[in-house]
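Structure data (mmCIF, C-alpha atoms) from input_10.cif:
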data_protein
loop_
_atom_site.label_atom_id
_atom_site.label_comp_id
_atom_site.auth_asym_id
_atom_site.auth_seq_id
_atom_site.Cartn_x
_atom_site.Cartn_y
_atom_site.Cartn_z
CA MET M 290 -14.09 2.40 -21.42
CA ASP M 291 -12.49 1.07 -18.24
CA ASN M 292 -14.91 -0.41 -15.71
CA PRO M 293 -12.62 -1.41 -12.81
CA LEU M 294 -13.29 -4.14 -10.29
CA LYS M 295 -13.58 -2.41 -6.89
CA VAL M 296 -13.03 -3.72 -3.39
CA LYS M 297 -13.36 -1.48 -0.34
CA ILE M 298 -12.59 -2.31 3.28
CA ASP M 299 -13.21 0.10 6.16
CA SER M 300 -11.54 -0.79 9.42
CA SER M 301 -9.46 0.48 12.28
CA ALA M 302 -5.73 0.74 11.56
CA ASP M 303 -4.87 -1.80 14.22
CA LEU M 304 -1.77 -3.93 13.56
CA LEU M 305 -3.78 -6.96 14.69
CA LEU M 306 -5.59 -6.72 11.34
CA LEU M 307 -2.43 -6.39 9.24
CA ARG M 308 -1.89 -10.10 8.56
CA PRO M 309 -5.44 -10.93 7.41
CA LEU M 310 -5.58 -7.80 5.24
CA ASP M 311 -2.12 -8.53 3.87
CA LEU M 312 -3.20 -12.07 2.95
CA PHE M 313 -6.37 -10.74 1.33
CA VAL M 314 -4.37 -8.34 -0.87
CA ARG M 315 -1.90 -11.09 -1.79
CA GLN M 316 -4.64 -13.56 -2.69
CA LEU M 317 -6.48 -10.97 -4.77
CA VAL M 318 -3.36 -10.02 -6.73
CA GLN M 319 -2.43 -13.69 -7.27
CA GLN M 320 -5.83 -14.27 -8.89
CA LEU M 321 -5.24 -11.60 -11.53
CA PRO M 322 -4.15 -13.22 -14.81
CA ALA M 323 -1.62 -10.44 -15.44
CA PHE M 324 0.39 -11.53 -12.38
CA ALA M 325 0.05 -15.31 -12.91
CA ASN M 326 3.67 -15.74 -14.00
CA HIS M 327 5.12 -12.91 -11.92
CA PRO M 328 5.47 -14.06 -8.30
CA THR M 329 8.11 -11.43 -7.49
CA GLU M 330 5.67 -8.71 -8.58
CA VAL M 331 3.05 -10.20 -6.24
CA ASP M 332 5.60 -10.22 -3.41
CA GLY M 333 6.46 -6.58 -4.08
CA ILE M 334 2.82 -5.45 -4.09
CA GLU M 335 2.19 -7.33 -0.84
CA LEU M 336 5.25 -5.76 0.77
CA ALA M 337 4.26 -2.26 -0.37
CA PHE M 338 0.75 -2.72 1.07
CA ASN M 339 2.18 -4.12 4.29
CA GLU M 340 4.53 -1.16 4.71
CA ALA M 341 1.85 1.42 3.89
CA TYR M 342 -0.64 -0.07 6.35
CA THR M 343 2.04 -0.37 9.05
CA ASN M 344 3.05 3.25 8.55
CA VAL M 345 -0.54 4.41 9.04
CA SER M 346 -0.91 2.35 12.20
CA ARG M 347 2.45 3.26 13.73
CA HIS M 348 2.90 6.84 12.58
CA ALA M 349 -0.41 8.43 11.56
CA TYR M 350 -2.02 7.21 14.78
CA LYS M 351 1.12 7.29 16.93
CA GLY M 352 0.36 7.66 20.61
CA CYS M 353 -3.33 6.80 20.18
CA ASP M 354 -4.64 4.15 22.57
CA THR M 355 -7.25 3.19 19.99
CA LYS M 356 -6.20 3.21 16.35
CA GLY M 357 -8.24 5.45 14.10
CA PRO M 358 -10.03 4.50 10.92
CA ILE M 359 -8.45 3.37 7.69
CA SER M 360 -10.17 2.85 4.38
CA ILE M 361 -8.57 0.53 1.86
CA GLN M 362 -9.80 0.58 -1.70
CA ILE M 363 -8.43 -1.65 -4.43
CA LEU M 364 -9.28 -1.02 -8.07
CA VAL M 365 -8.36 -3.47 -10.80
CA HIS M 366 -8.30 -1.71 -14.16
CA ALA M 367 -7.63 -3.25 -17.56
CA ASP M 368 -3.95 -2.28 -17.38
CA ARG M 369 -3.13 -1.60 -13.74
CA LEU M 370 -3.83 -2.17 -10.07
CA GLU M 371 -4.54 0.79 -7.77
CA ILE M 372 -4.46 0.57 -3.99
CA TYR M 373 -5.72 3.52 -1.95
CA LEU M 374 -5.19 3.86 1.78
CA GLU M 375 -7.06 6.70 3.46
CA ASP M 376 -6.71 7.70 7.11
CA GLN M 377 -7.49 10.60 9.43
CA GLY M 378 -4.25 10.53 11.40
CA THR M 379 -1.29 12.88 11.52
CA ALA M 380 -0.17 13.96 8.05
CA PHE M 381 3.40 13.55 6.90
CA ASP M 382 5.49 14.66 3.97
CA PRO M 383 7.16 11.74 2.15
CA ALA M 384 9.62 14.21 0.62
CA ASN M 385 11.13 14.56 4.11
CA VAL M 386 11.92 10.84 4.29
CA LYS M 387 15.57 10.28 3.47
CA THR M 388 16.64 7.47 1.19
CA PRO M 389 17.91 4.84 3.61
CA ASN M 390 21.51 3.73 3.68
CA LEU M 391 21.11 -0.01 3.20
CA ASP M 392 24.58 -0.57 4.66
CA VAL M 393 23.34 0.70 8.05
CA PRO M 394 20.74 -1.74 9.41
CA GLY M 395 17.90 -0.33 11.47
CA GLU M 396 18.23 3.20 10.16
CA GLY M 397 14.51 3.42 9.31
CA GLY M 398 12.70 4.90 6.36
CA LEU M 399 12.48 1.57 4.59
CA GLY M 400 8.68 1.61 4.30
CA VAL M 401 8.57 4.55 1.90
CA TRP M 402 11.60 3.16 0.06
CA PHE M 403 9.91 -0.24 -0.42
CA ILE M 404 6.73 1.40 -1.67
CA LYS M 405 8.65 3.45 -4.23
CA ARG M 406 10.76 0.45 -5.23
CA PHE M 407 7.97 -2.06 -5.79
CA MET M 408 5.14 0.13 -7.08
CA ASP M 409 5.23 2.03 -10.36
CA GLN M 410 3.82 5.14 -8.77
CA ALA M 411 2.98 6.33 -5.26
CA VAL M 412 1.11 9.59 -4.68
CA TYR M 413 0.45 10.94 -1.20
CA SER M 414 -1.91 13.80 -0.41
CA SER M 415 -3.30 15.37 2.73
CA CYS M 416 -6.22 17.76 2.87
CA ASP M 417 -8.85 18.67 5.46
CA GLY M 418 -7.70 16.03 7.95
CA LYS M 419 -7.69 13.23 5.39
CA ASN M 420 -4.50 11.52 4.21
CA VAL M 421 -4.55 9.45 1.03
CA LEU M 422 -1.85 7.22 -0.38
CA LEU M 423 -2.41 5.93 -3.91
CA MET M 424 -0.12 3.12 -5.04
CA ILE M 425 -0.22 2.07 -8.69
CA LYS M 426 1.22 -1.06 -10.26
CA ARG M 427 0.89 -1.50 -14.00
CA PHE M 428 0.36 -5.01 -15.26
CA PRO M 429 3.57 -6.63 -16.50
CA ASN M 430 3.90 -7.69 -20.11
CA SER M 431 3.78 -11.48 -20.11
#
Could I get this structure in the form of structure tokens?
Amino acid sequence: MDNPLKVKIDSSADLLLLRPLDLFVRQLVQQLPAFANHPTEVDGIELAFNEAYTNVSRHAYKGCDTKGPISIQILVHADRLEIYLEDQGTAFDPANVKTPNLDVPGEGGLGVWFIKRFMDQAVYSSCDGKNVLLMIKRFPNS
């Protein structure tokens, strides 16, 4: 039976908090034995978290003077890492985000692309005013 390690942080989705939260996620992932010899995997997870958090702050709470709440939950299972971001901002449909043309700088849409590229799975849902992004990264085979 899987008894995951759980970490939960409730905060406002202010970009001022991005760097300390980003560093926390990076440090946590670096401590996991499964990622000890996989620094590019750690970089990818950090970038995916960074992009997801930034998207909540900039888009879900766009136009808000005070950023709304965000809940970050990290679960470390025996075979994978799960990162949940939950907010109460404006919902969006990731299916409407076009794949960016990497030959055209500044086009946008890179956040969703990075998340899909560096995580094994990303599932977004929105219901009753609550948006949830689940990002899953399976542990690499050493």
Evaluate the PyMOL selection byres ((chain M and resi 427-429) around 9) and report residues as a PDB file with C-alpha atoms, in the frame of the given file:
ATOM      1  CA  ALA M 323      -1.620 -10.440 -15.440  1.00  0.00           C
ATOM      2  CA  PHE M 324       0.390 -11.530 -12.380  1.00  0.00           C
ATOM      3  CA  HIS M 327       5.120 -12.910 -11.920  1.00  0.00           C
ATOM      4  CA  GLU M 330       5.670  -8.710  -8.580  1.00  0.00           C
ATOM      5  CA  ALA M 367      -7.630  -3.250 -17.560  1.00  0.00           C
ATOM      6  CA  ASP M 368      -3.950  -2.280 -17.380  1.00  0.00           C
ATOM      7  CA  ARG M 369      -3.130  -1.600 -13.740  1.00  0.00           C
ATOM      8  CA  LEU M 370      -3.830  -2.170 -10.070  1.00  0.00           C
ATOM      9  CA  GLU M 371      -4.540   0.790  -7.770  1.00  0.00           C
ATOM     10  CA  MET M 408       5.140   0.130  -7.080  1.00  0.00           C
ATOM     11  CA  ASP M 409       5.230   2.030 -10.360  1.00  0.00           C
ATOM     12  CA  GLN M 410       3.820   5.140  -8.770  1.00  0.00           C
ATOM     13  CA  ILE M 425      -0.220   2.070  -8.690  1.00  0.00           C
ATOM     14  CA  LYS M 426       1.220  -1.060 -10.260  1.00  0.00           C
ATOM     15  CA  ASN M 430       3.900  -7.690 -20.110  1.00  0.00           C
ATOM     16  CA  SER M 431       3.780 -11.480 -20.110  1.00  0.00           C
TER      17      SER M 431
END
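Using all atoms listed in the file, the shortest contact distance between Asp354 (chain M) and any of M:Leu399, M:Leu317, M:Ala384, M:Ala302 is found at M:Ala302.
Minimum atom-to-atom distance to Leu374 (chain M), evaluated using all atoms listed in the file, belongs to M:Ile298 out of M:Ile298, M:Leu306, M:Leu336, M:Leu321.
Between CA of Thr329 (chain M) and CA of Val393 (chain M) lies a distance of 24.9 Å.
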Atomic separation - CA of Lys297 (chain M) relative to CA of Gly352 (chain M), Å: 26.7 Å
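Note on the selection: in this file the PyMOL selection byres ((chain M and resi 421) around 7) comes out as Tyr373, Leu374, Glu375, Asp376, Tyr413, Ser414, Ser415, Lys419, Asn420, Leu422 and Leu423 of chain M.
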With the PyMOL selection byres ((chain M and resi 358) around 9) as the selection, what would be picked from this file? Answer as number ranges by chain, please. M: 299-303, 356-357, 359-360, 375-378
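Picture a line from CA of Val318 (chain M) to CA of Val365 (chain M); it runs 9.2 Å.
Taking all atoms listed in the file into account, Phe407 (chain M) lies nearest to M:Ala337 out of the set M:Asp382, M:Ala337, M:Pro328, M:Tyr342.
With all atoms listed in the file as the basis for measurement, M:His348 is the residue among M:Lys295, M:His366, M:Arg315, M:His348 that approaches Gly400 (chain M) most closely.
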Between M:Gln319, M:Thr388, M:Val296, M:Leu307, single out the one closest to Gly333 (chain M), counting only C-alpha atoms. M:Gln319
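Distance annotation: of M:Val314, M:Pro322, M:Gly418, M:Thr343, the residue with the minimal separation from Ile372 (chain M) is M:Val314; atom set is only C-alpha atoms.
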